[in-house]
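Trainee: Have a look at the structure that comes next, please.
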Number of protein chains: 2
Amino acid sequence: MKLTSKGRYAVMALVDLAKFNNINPVSLRDISLRQGISLDYLEQIFAKLRKKEIVQSVRGTQGGYILNKKAKEIKLTNIFEAVDEKVKTVQCKKESKKGCNGKPVKCLTHNLWDELESHINNFFNKKSLDDLVKDNEEKSV
Amino acid sequence: MKLTSKGRYAVMALVDLAKFNNINPVSLRDISLRQGISLDYLEQIFAKLRKKEIVQSVRGTQGGYILNKKAKEIKLTNIFEAVDEKVKTVQCKKESKKGCNGKPVKCLTHNLWDELESHINNFFNKKSLDDLVKDNEEKSV
DNA sequence: AGATACTTGACTATTTTAGTCGGGTTTATA
DNA sequence: TATAAACCCGACTAAAATAGTCAAGTATCT
């Protein structure tokens, strides 16, 4: 069970962005250099973040990205959703309501995985980008 | 972020085993049929569970596997560990104590991932095989 | 002896991940 | 108005992980 780097990078990049998000947009190039993430990969990630209206882009020289909402209002859940980092514990399709794997009954452990999923999502729902930035400032004080 | 089927199968199989674990050993063939998991794959999984002394094997006809501990004492953590289903949120190596990715400082989100890891592991530590079997019995009553 | 079941190790197809690459378009500024 | 910095977009791909399969055993009950 692991977090993919797409999700990890997205969060890292957004924390970076939030820290430097004063008046001027922040360029991906800067984030790339500071965080050590490939520029091309960052572009893919930000395309998704933009589609989900988490960031806004500013084109042209001196352009870059800015947050589209307050850092407090951006939860980890939103970020992960945007980059398709879903929490997936069960294989069984949701549609079939009852029953897993073609069987008429839920598999023995179905409830467990549902519970686990909620447990994790719960964590992601509580944490906002703002929390992360603050944690970070404290650390460096 | 997803659970692999090795981990999922291991837990499913053990719940099945725990349910039928009265006097006689339970054969993988039965588990395979009941849970719809490939026999060959189950064998791989049980080899690992045996090495970690979670189950005991009984060879020969009428053989199979039995739990090596009380269901109450087998936590999900133990099961996942046995089948190499680790919870991995960070890339950064543990050895280097301070610093991630060769840099002298921890990455912006290091604490976050550590926290997430604990959060998940906490869940796994609380749940025992016995809990799962009981949940299941309640459901079918 | 034969059937059932565990044991072991090698092999492999498929999928996912983590990018790269090559071409754009937009816009500030010199 | 030329140029460079930045975003924008889609296709491609190497490597790793996953989810198995397959083959050839060994042990033990009946």
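Naming scheme: A, B, ... for chains in displayed order of the structure tokens; residues 1 onward per chain; ligands 1 onward as shown.
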Counting only C-alpha atoms, collect the residues of chain A whose closest atom lies at most 7 Å from chain B, and write them out as a PyMOL selection string.
Mentor: chain A and resi 1-4+12+85-89+108-109+120+136
Trainee: With a distance threshold of 8 Å and counting only C-alpha atoms (C1' of nucleotides), extract the residues of chain B near chain D and express them as a list of chain:residue names.
Mentor: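 Output check: B:Thr4, B:Ser5, B:Asp40, B:Tyr41, B:Arg59, B:Gly60, B:Thr61, B:Gln62.
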Trainee: Using only C-alpha atoms (C1' of nucleotides) and a cut-off of 7 Å, which residues of chain C sit close to chain B? Please list them as a list of chain:residue names.
Mentor: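 In the required form, that comes to C:DT4, C:DA5, C:DC6.
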